[in-house]
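Next up, structure.pdb (PDB, N, CA and C atoms, pLDDT in the B column):
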```
MODEL        1
ATOM      1  N   MET A   1       1.284   4.877  -2.990  1.00 91.00           N
ATOM      2  CA  MET A   1       0.491   4.138  -2.038  1.00 91.00           C
ATOM      3  C   MET A   1       1.395   3.627  -0.911  1.00 91.00           C
ATOM      4  N   PRO A   2       1.021   3.825   0.328  1.00 96.00           N
ATOM      5  CA  PRO A   2       1.857   3.407   1.444  1.00 96.00           C
ATOM      6  C   PRO A   2       1.995   1.883   1.537  1.00 96.00           C
ATOM      7  N   PHE A   3       3.198   1.476   1.908  1.00 98.00           N
ATOM      8  CA  PHE A   3       3.508   0.059   2.138  1.00 98.00           C
ATOM      9  C   PHE A   3       4.183  -0.020   3.501  1.00 98.00           C
ATOM     10  N   ILE A   4       3.590  -0.737   4.414  1.00 98.00           N
ATOM     11  CA  ILE A   4       4.122  -0.890   5.770  1.00 98.00           C
ATOM     12  C   ILE A   4       4.576  -2.330   5.947  1.00 98.00           C
ATOM     13  N   ASN A   5       5.836  -2.512   6.335  1.00 98.00           N
ATOM     14  CA  ASN A   5       6.390  -3.845   6.547  1.00 98.00           C
ATOM     15  C   ASN A   5       6.757  -3.967   8.022  1.00 98.00           C
ATOM     16  N   VAL A   6       6.108  -4.877   8.723  1.00 98.00           N
ATOM     17  CA  VAL A   6       6.339  -5.078  10.153  1.00 98.00           C
ATOM     18  C   VAL A   6       7.049  -6.404  10.348  1.00 98.00           C
ATOM     19  N   LYS A   7       8.199  -6.356  11.011  1.00 98.00           N
ATOM     20  CA  LYS A   7       8.906  -7.583  11.381  1.00 98.00           C
ATOM     21  C   LYS A   7       8.732  -7.746  12.883  1.00 98.00           C
ATOM     22  N   MET A   8       8.251  -8.921  13.279  1.00 97.00           N
ATOM     23  CA  MET A   8       8.022  -9.167  14.697  1.00 97.00           C
ATOM     24  C   MET A   8       8.187 -10.652  14.990  1.00 97.00           C
ATOM     25  N   MET A   9       8.390 -10.938  16.267  1.00 95.00           N
ATOM     26  CA  MET A   9       8.513 -12.333  16.666  1.00 95.00           C
ATOM     27  C   MET A   9       7.165 -13.037  16.543  1.00 95.00           C
ATOM     28  N   ALA A  10       7.203 -14.279  16.184  1.00 96.00           N
ATOM     29  CA  ALA A  10       5.994 -15.091  16.062  1.00 96.00           C
ATOM     30  C   ALA A  10       5.375 -15.293  17.434  1.00 96.00           C
ATOM     31  N   GLY A  11       4.080 -15.550  17.431  1.00 95.00           N
ATOM     32  CA  GLY A  11       3.421 -15.901  18.677  1.00 95.00           C
ATOM     33  C   GLY A  11       2.166 -15.099  18.974  1.00 95.00           C
ATOM     34  N   ARG A  12       1.864 -14.121  18.157  1.00 97.00           N
ATOM     35  CA  ARG A  12       0.656 -13.338  18.395  1.00 97.00           C
ATOM     36  C   ARG A  12      -0.540 -13.997  17.740  1.00 97.00           C
ATOM     37  N   SER A  13      -1.687 -13.763  18.302  1.00 98.00           N
ATOM     38  CA  SER A  13      -2.915 -14.372  17.776  1.00 98.00           C
ATOM     39  C   SER A  13      -3.358 -13.655  16.502  1.00 98.00           C
ATOM     40  N   THR A  14      -4.230 -14.310  15.753  1.00 98.00           N
ATOM     41  CA  THR A  14      -4.791 -13.694  14.558  1.00 98.00           C
ATOM     42  C   THR A  14      -5.543 -12.427  14.924  1.00 98.00           C
ATOM     43  N   GLU A  15      -6.240 -12.427  16.038  1.00 98.00           N
ATOM     44  CA  GLU A  15      -6.980 -11.230  16.474  1.00 98.00           C
ATOM     45  C   GLU A  15      -6.023 -10.071  16.765  1.00 98.00           C
ATOM     46  N   GLN A  16      -4.891 -10.342  17.385  1.00 98.00           N
ATOM     47  CA  GLN A  16      -3.901  -9.294  17.637  1.00 98.00           C
ATOM     48  C   GLN A  16      -3.355  -8.740  16.322  1.00 98.00           C
ATOM     49  N   LYS A  17      -3.069  -9.631  15.390  1.00 98.00           N
ATOM     50  CA  LYS A  17      -2.565  -9.184  14.085  1.00 98.00           C
ATOM     51  C   LYS A  17      -3.616  -8.365  13.351  1.00 98.00           C
ATOM     52  N   ARG A  18      -4.854  -8.786  13.421  1.00 98.00           N
ATOM     53  CA  ARG A  18      -5.957  -8.055  12.790  1.00 98.00           C
ATOM     54  C   ARG A  18      -6.039  -6.639  13.361  1.00 98.00           C
ATOM     55  N   ALA A  19      -5.941  -6.522  14.686  1.00 98.00           N
ATOM     56  CA  ALA A  19      -6.005  -5.213  15.343  1.00 98.00           C
ATOM     57  C   ALA A  19      -4.803  -4.346  14.968  1.00 98.00           C
ATOM     58  N   LEU A  20      -3.624  -4.949  14.890  1.00 98.00           N
ATOM     59  CA  LEU A  20      -2.418  -4.212  14.510  1.00 98.00           C
ATOM     60  C   LEU A  20      -2.534  -3.665  13.097  1.00 98.00           C
ATOM     61  N   VAL A  21      -2.964  -4.502  12.168  1.00 98.00           N
ATOM     62  CA  VAL A  21      -3.120  -4.087  10.772  1.00 98.00           C
ATOM     63  C   VAL A  21      -4.125  -2.939  10.671  1.00 98.00           C
ATOM     64  N   GLU A  22      -5.218  -3.037  11.391  1.00 98.00           N
ATOM     65  CA  GLU A  22      -6.229  -1.963  11.376  1.00 98.00           C
ATOM     66  C   GLU A  22      -5.654  -0.673  11.931  1.00 98.00           C
ATOM     67  N   ALA A  23      -4.951  -0.756  13.066  1.00 98.00           N
ATOM     68  CA  ALA A  23      -4.393   0.443  13.700  1.00 98.00           C
ATOM     69  C   ALA A  23      -3.338   1.108  12.807  1.00 98.00           C
ATOM     70  N   LEU A  24      -2.464   0.318  12.206  1.00 98.00           N
ATOM     71  CA  LEU A  24      -1.441   0.875  11.317  1.00 98.00           C
ATOM     72  C   LEU A  24      -2.063   1.519  10.088  1.00 98.00           C
ATOM     73  N   THR A  25      -3.039   0.850   9.512  1.00 98.00           N
ATOM     74  CA  THR A  25      -3.727   1.399   8.347  1.00 98.00           C
ATOM     75  C   THR A  25      -4.396   2.720   8.698  1.00 98.00           C
ATOM     76  N   GLN A  26      -5.099   2.754   9.813  1.00 98.00           N
ATOM     77  CA  GLN A  26      -5.791   3.979  10.218  1.00 98.00           C
ATOM     78  C   GLN A  26      -4.809   5.109  10.488  1.00 98.00           C
ATOM     79  N   ALA A  27      -3.669   4.799  11.083  1.00 98.00           N
ATOM     80  CA  ALA A  27      -2.656   5.825  11.349  1.00 98.00           C
ATOM     81  C   ALA A  27      -2.142   6.446  10.056  1.00 98.00           C
ATOM     82  N   ILE A  28      -1.912   5.626   9.037  1.00 97.00           N
ATOM     83  CA  ILE A  28      -1.449   6.143   7.747  1.00 97.00           C
ATOM     84  C   ILE A  28      -2.535   6.987   7.088  1.00 97.00           C
ATOM     85  N   VAL A  29      -3.760   6.510   7.145  1.00 97.00           N
ATOM     86  CA  VAL A  29      -4.881   7.264   6.565  1.00 97.00           C
ATOM     87  C   VAL A  29      -5.002   8.625   7.256  1.00 97.00           C
ATOM     88  N   ASP A  30      -4.975   8.635   8.593  1.00 97.00           N
ATOM     89  CA  ASP A  30      -5.149   9.871   9.347  1.00 97.00           C
ATOM     90  C   ASP A  30      -3.957  10.822   9.205  1.00 97.00           C
ATOM     91  N   THR A  31      -2.750  10.281   9.250  1.00 97.00           N
ATOM     92  CA  THR A  31      -1.550  11.105   9.269  1.00 97.00           C
ATOM     93  C   THR A  31      -1.131  11.581   7.879  1.00 97.00           C
ATOM     94  N   CYS A  32      -1.261  10.707   6.904  1.00 97.00           N
ATOM     95  CA  CYS A  32      -0.747  11.005   5.563  1.00 97.00           C
ATOM     96  C   CYS A  32      -1.843  11.276   4.541  1.00 97.00           C
ATOM     97  N   ASP A  33      -3.090  11.223   4.981  1.00 96.00           N
ATOM     98  CA  ASP A  33      -4.231  11.406   4.076  1.00 96.00           C
ATOM     99  C   ASP A  33      -4.160  10.434   2.898  1.00 96.00           C
ATOM    100  N   ALA A  34      -3.710   9.217   3.204  1.00 97.00           N
ATOM    101  CA  ALA A  34      -3.577   8.173   2.178  1.00 97.00           C
ATOM    102  C   ALA A  34      -4.893   7.412   2.048  1.00 97.00           C
ATOM    103  N   PRO A  35      -5.169   6.876   0.872  1.00 97.00           N
ATOM    104  CA  PRO A  35      -6.391   6.091   0.726  1.00 97.00           C
ATOM    105  C   PRO A  35      -6.261   4.743   1.440  1.00 97.00           C
ATOM    106  N   ARG A  36      -7.269   4.378   2.194  1.00 97.00           N
ATOM    107  CA  ARG A  36      -7.296   3.096   2.918  1.00 97.00           C
ATOM    108  C   ARG A  36      -7.073   1.935   1.961  1.00 97.00           C
ATOM    109  N   GLU A  37      -7.757   1.959   0.831  1.00 97.00           N
ATOM    110  CA  GLU A  37      -7.688   0.846  -0.126  1.00 97.00           C
ATOM    111  C   GLU A  37      -6.304   0.695  -0.755  1.00 97.00           C
ATOM    112  N   GLY A  38      -5.519   1.760  -0.734  1.00 97.00           N
ATOM    113  CA  GLY A  38      -4.194   1.701  -1.329  1.00 97.00           C
ATOM    114  C   GLY A  38      -3.086   1.439  -0.332  1.00 97.00           C
ATOM    115  N   THR A  39      -3.451   1.253   0.928  1.00 98.00           N
ATOM    116  CA  THR A  39      -2.449   1.034   1.974  1.00 98.00           C
ATOM    117  C   THR A  39      -2.245  -0.466   2.182  1.00 98.00           C
ATOM    118  N   THR A  40      -1.005  -0.893   2.061  1.00 98.00           N
ATOM    119  CA  THR A  40      -0.651  -2.307   2.206  1.00 98.00           C
ATOM    120  C   THR A  40       0.148  -2.500   3.489  1.00 98.00           C
ATOM    121  N   VAL A  41      -0.192  -3.532   4.245  1.00 98.00           N
ATOM    122  CA  VAL A  41       0.553  -3.900   5.450  1.00 98.00           C
ATOM    123  C   VAL A  41       0.971  -5.360   5.306  1.00 98.00           C
ATOM    124  N   VAL A  42       2.254  -5.621   5.515  1.00 98.00           N
ATOM    125  CA  VAL A  42       2.777  -6.989   5.482  1.00 98.00           C
ATOM    126  C   VAL A  42       3.374  -7.291   6.850  1.00 98.00           C
ATOM    127  N   LEU A  43       2.960  -8.397   7.444  1.00 98.00           N
ATOM    128  CA  LEU A  43       3.512  -8.854   8.712  1.00 98.00           C
ATOM    129  C   LEU A  43       4.478 -10.002   8.439  1.00 98.00           C
ATOM    130  N   GLU A  44       5.713  -9.825   8.865  1.00 98.00           N
ATOM    131  CA  GLU A  44       6.721 -10.888   8.725  1.00 98.00           C
ATOM    132  C   GLU A  44       7.058 -11.381  10.122  1.00 98.00           C
ATOM    133  N   GLU A  45       6.811 -12.655  10.351  1.00 98.00           N
ATOM    134  CA  GLU A  45       7.071 -13.238  11.665  1.00 98.00           C
ATOM    135  C   GLU A  45       8.373 -14.037  11.656  1.00 98.00           C
ATOM    136  N   CYS A  46       9.151 -13.838  12.702  1.00 97.00           N
ATOM    137  CA  CYS A  46      10.395 -14.585  12.881  1.00 97.00           C
ATOM    138  C   CYS A  46      10.267 -15.436  14.130  1.00 97.00           C
ATOM    139  N   GLU A  47      10.755 -16.630  14.054  1.00 95.00           N
ATOM    140  CA  GLU A  47      10.779 -17.488  15.233  1.00 95.00           C
ATOM    141  C   GLU A  47      11.805 -16.952  16.225  1.00 95.00           C
ATOM    142  N   ARG A  48      11.587 -17.202  17.499  1.00 92.00           N
ATOM    143  CA  ARG A  48      12.456 -16.671  18.549  1.00 92.00           C
ATOM    144  C   ARG A  48      13.905 -17.155  18.417  1.00 92.00           C
ATOM    145  N   GLU A  49      14.102 -18.308  17.821  1.00 94.00           N
ATOM    146  CA  GLU A  49      15.481 -18.790  17.640  1.00 94.00           C
ATOM    147  C   GLU A  49      16.175 -18.110  16.460  1.00 94.00           C
ATOM    148  N   ASN A  50      15.450 -17.265  15.729  1.00 96.00           N
ATOM    149  CA  ASN A  50      16.027 -16.518  14.604  1.00 96.00           C
ATOM    150  C   ASN A  50      16.097 -15.025  14.887  1.00 96.00           C
ATOM    151  N   TRP A  51      15.920 -14.632  16.142  1.00 93.00           N
ATOM    152  CA  TRP A  51      15.905 -13.218  16.519  1.00 93.00           C
ATOM    153  C   TRP A  51      16.853 -13.053  17.698  1.00 93.00           C
ATOM    154  N   ALA A  52      17.762 -12.090  17.602  1.00 94.00           N
ATOM    155  CA  ALA A  52      18.722 -11.873  18.682  1.00 94.00           C
ATOM    156  C   ALA A  52      18.777 -10.400  19.053  1.00 94.00           C
ATOM    157  N   ARG A  53      19.141 -10.162  20.298  1.00 93.00           N
ATOM    158  CA  ARG A  53      19.339  -8.802  20.785  1.00 93.00           C
ATOM    159  C   ARG A  53      20.552  -8.841  21.708  1.00 93.00           C
ATOM    160  N   GLY A  54      21.474  -7.949  21.481  1.00 95.00           N
ATOM    161  CA  GLY A  54      22.674  -7.909  22.327  1.00 95.00           C
ATOM    162  C   GLY A  54      23.528  -9.157  22.218  1.00 95.00           C
ATOM    163  N   GLY A  55      23.488  -9.816  21.063  1.00 95.00           N
ATOM    164  CA  GLY A  55      24.292 -10.996  20.843  1.00 95.00           C
ATOM    165  C   GLY A  55      23.741 -12.276  21.436  1.00 95.00           C
ATOM    166  N   VAL A  56      22.494 -12.231  21.919  1.00 95.00           N
ATOM    167  CA  VAL A  56      21.863 -13.418  22.524  1.00 95.00           C
ATOM    168  C   VAL A  56      20.529 -13.670  21.832  1.00 95.00           C
ATOM    169  N   LEU A  57      20.310 -14.923  21.452  1.00 95.00           N
ATOM    170  CA  LEU A  57      19.023 -15.290  20.853  1.00 95.00           C
ATOM    171  C   LEU A  57      17.908 -15.060  21.858  1.00 95.00           C
ATOM    172  N   VAL A  58      16.790 -14.561  21.387  1.00 92.00           N
ATOM    173  CA  VAL A  58      15.636 -14.361  22.250  1.00 92.00           C
ATOM    174  C   VAL A  58      15.193 -15.692  22.854  1.00 92.00           C
ATOM    175  N   ALA A  59      15.282 -16.757  22.080  1.00 92.00           N
ATOM    176  CA  ALA A  59      14.918 -18.076  22.595  1.00 92.00           C
ATOM    177  C   ALA A  59      15.764 -18.459  23.812  1.00 92.00           C
ATOM    178  N   ASP A  60      17.019 -18.068  23.832  1.00 94.00           N
ATOM    179  CA  ASP A  60      17.887 -18.369  24.960  1.00 94.00           C
ATOM    180  C   ASP A  60      17.591 -17.490  26.172  1.00 94.00           C
ATOM    181  N   ARG A  61      17.130 -16.289  25.953  1.00 90.00           N
ATOM    182  CA  ARG A  61      16.803 -15.377  27.059  1.00 90.00           C
ATOM    183  C   ARG A  61      15.603 -15.869  27.860  1.00 90.00           C
ATOM    184  N   GLN A  62      14.727 -16.607  27.233  1.00 74.00           N
ATOM    185  CA  GLN A  62      13.488 -17.009  27.892  1.00 74.00           C
ATOM    186  C   GLN A  62      13.611 -18.330  28.649  1.00 74.00           C
ATOM    187  N   GLN A  63      14.775 -18.889  28.694  1.00 67.00           N
ATOM    188  CA  GLN A  63      14.949 -20.167  29.382  1.00 67.00           C
ATOM    189  C   GLN A  63      15.252 -19.955  30.840  1.00 67.00           C
TER     190      GLN A  63
ENDMDL
END
```
How does this structure look as structure tokens?
Amino acid sequence: MPFINVKMMAGRSTEQKRALVEALTQAIVDTCDAPREGTTVVLEECERENWARGGVLVADRQQ
């Protein structure tokens, strides 16, 4: 059974997360012929002060 783990920065609405989960699930069903009921999606949110790119915290880039 497929397991999808998404790590992303916090700040998206519940509706956006709902749409993302649906789209990812449908992609697995369509591409891998996996059962919808057996497909698991986990969203892990990180705060911007815990995410860095190029040695700089994302929180610092937005100031």
Exercise. Around (11.7, -14.0, 24.6) in the file's own coordinates, what residues are found within 12 Å if you use only C-alpha atoms, given back as a list in words?
Worked result: Met8, Met9, Ala10, Gly11, Cys46, Glu47, Arg48, Glu49, Asn50, Trp51, Ala52, Arg53, Val56, Leu57, Val58, Ala59, Asp60, Arg61, Gln62 and Gln63 of chain A
For this session: Quick one: everything within 12 Å of Pro35 (chain A), counting only C-alpha atoms, minus sequence neighbours fewer than 6 positions away in the same chain. Send it as a list in words.
Result: Met1, Pro2, Phe3, Thr25, Gln26, Ala27, Ile28 and Val29 of chain A
If I wrap all listed atoms of region 41-50 of chain A in a box with edges along x, y and z and add 8 Å on each side, what are its centre and edge lengths in Å to one decimal, as lines of an AutoDock Vina configuration file?
```
center_x = 8.0
center_y = -11.2
center_z = 11.4
size_x = 32.4
size_y = 31.3
size_z = 30.3
```
For this session: Expand the PyMOL selection byres (((chain A and resi 6 and name CA) around 9) and name CA) into the individual residues it matches in the shown file, reporting them as a PyMOL selection string.
Result: chain A and resi 4-5+7-8+41-45
For this session: Have a look at CA of Gly38 (chain A) and CA of Leu24 (chain A) and let me know their distance in Å, one decimal.
Result: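 Separating CA of Gly38 (chain A) from CA of Leu24 (chain A) is a distance of 13.0 Å.
Here CA of Arg18 (chain A) and CA of Thr40 (chain A) stand 13.2 Å from one another.
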For this session: Calculate how many Å separate atom C of Arg36 (chain A) from CA of Leu20 (chain A), rounding to one decimal.
Result: 14.7 Å
For this session: Run DSSP on the backbone and grab whatever in chain A lands in helix (DSSP H, G or I); send it over as a ChimeraX atom specification.
Result: /A:14-32,36-38,48-50,58-61
Problem set entry | strand (DSSP E or B) call set, DSSP backbone run, chain A, as JSON, numbers by chain | {"A": [3, 4, 5, 6, 7, 8, 9, 40, 41, 42, 43, 44, 45, 46, 52, 53, 56, 57]}
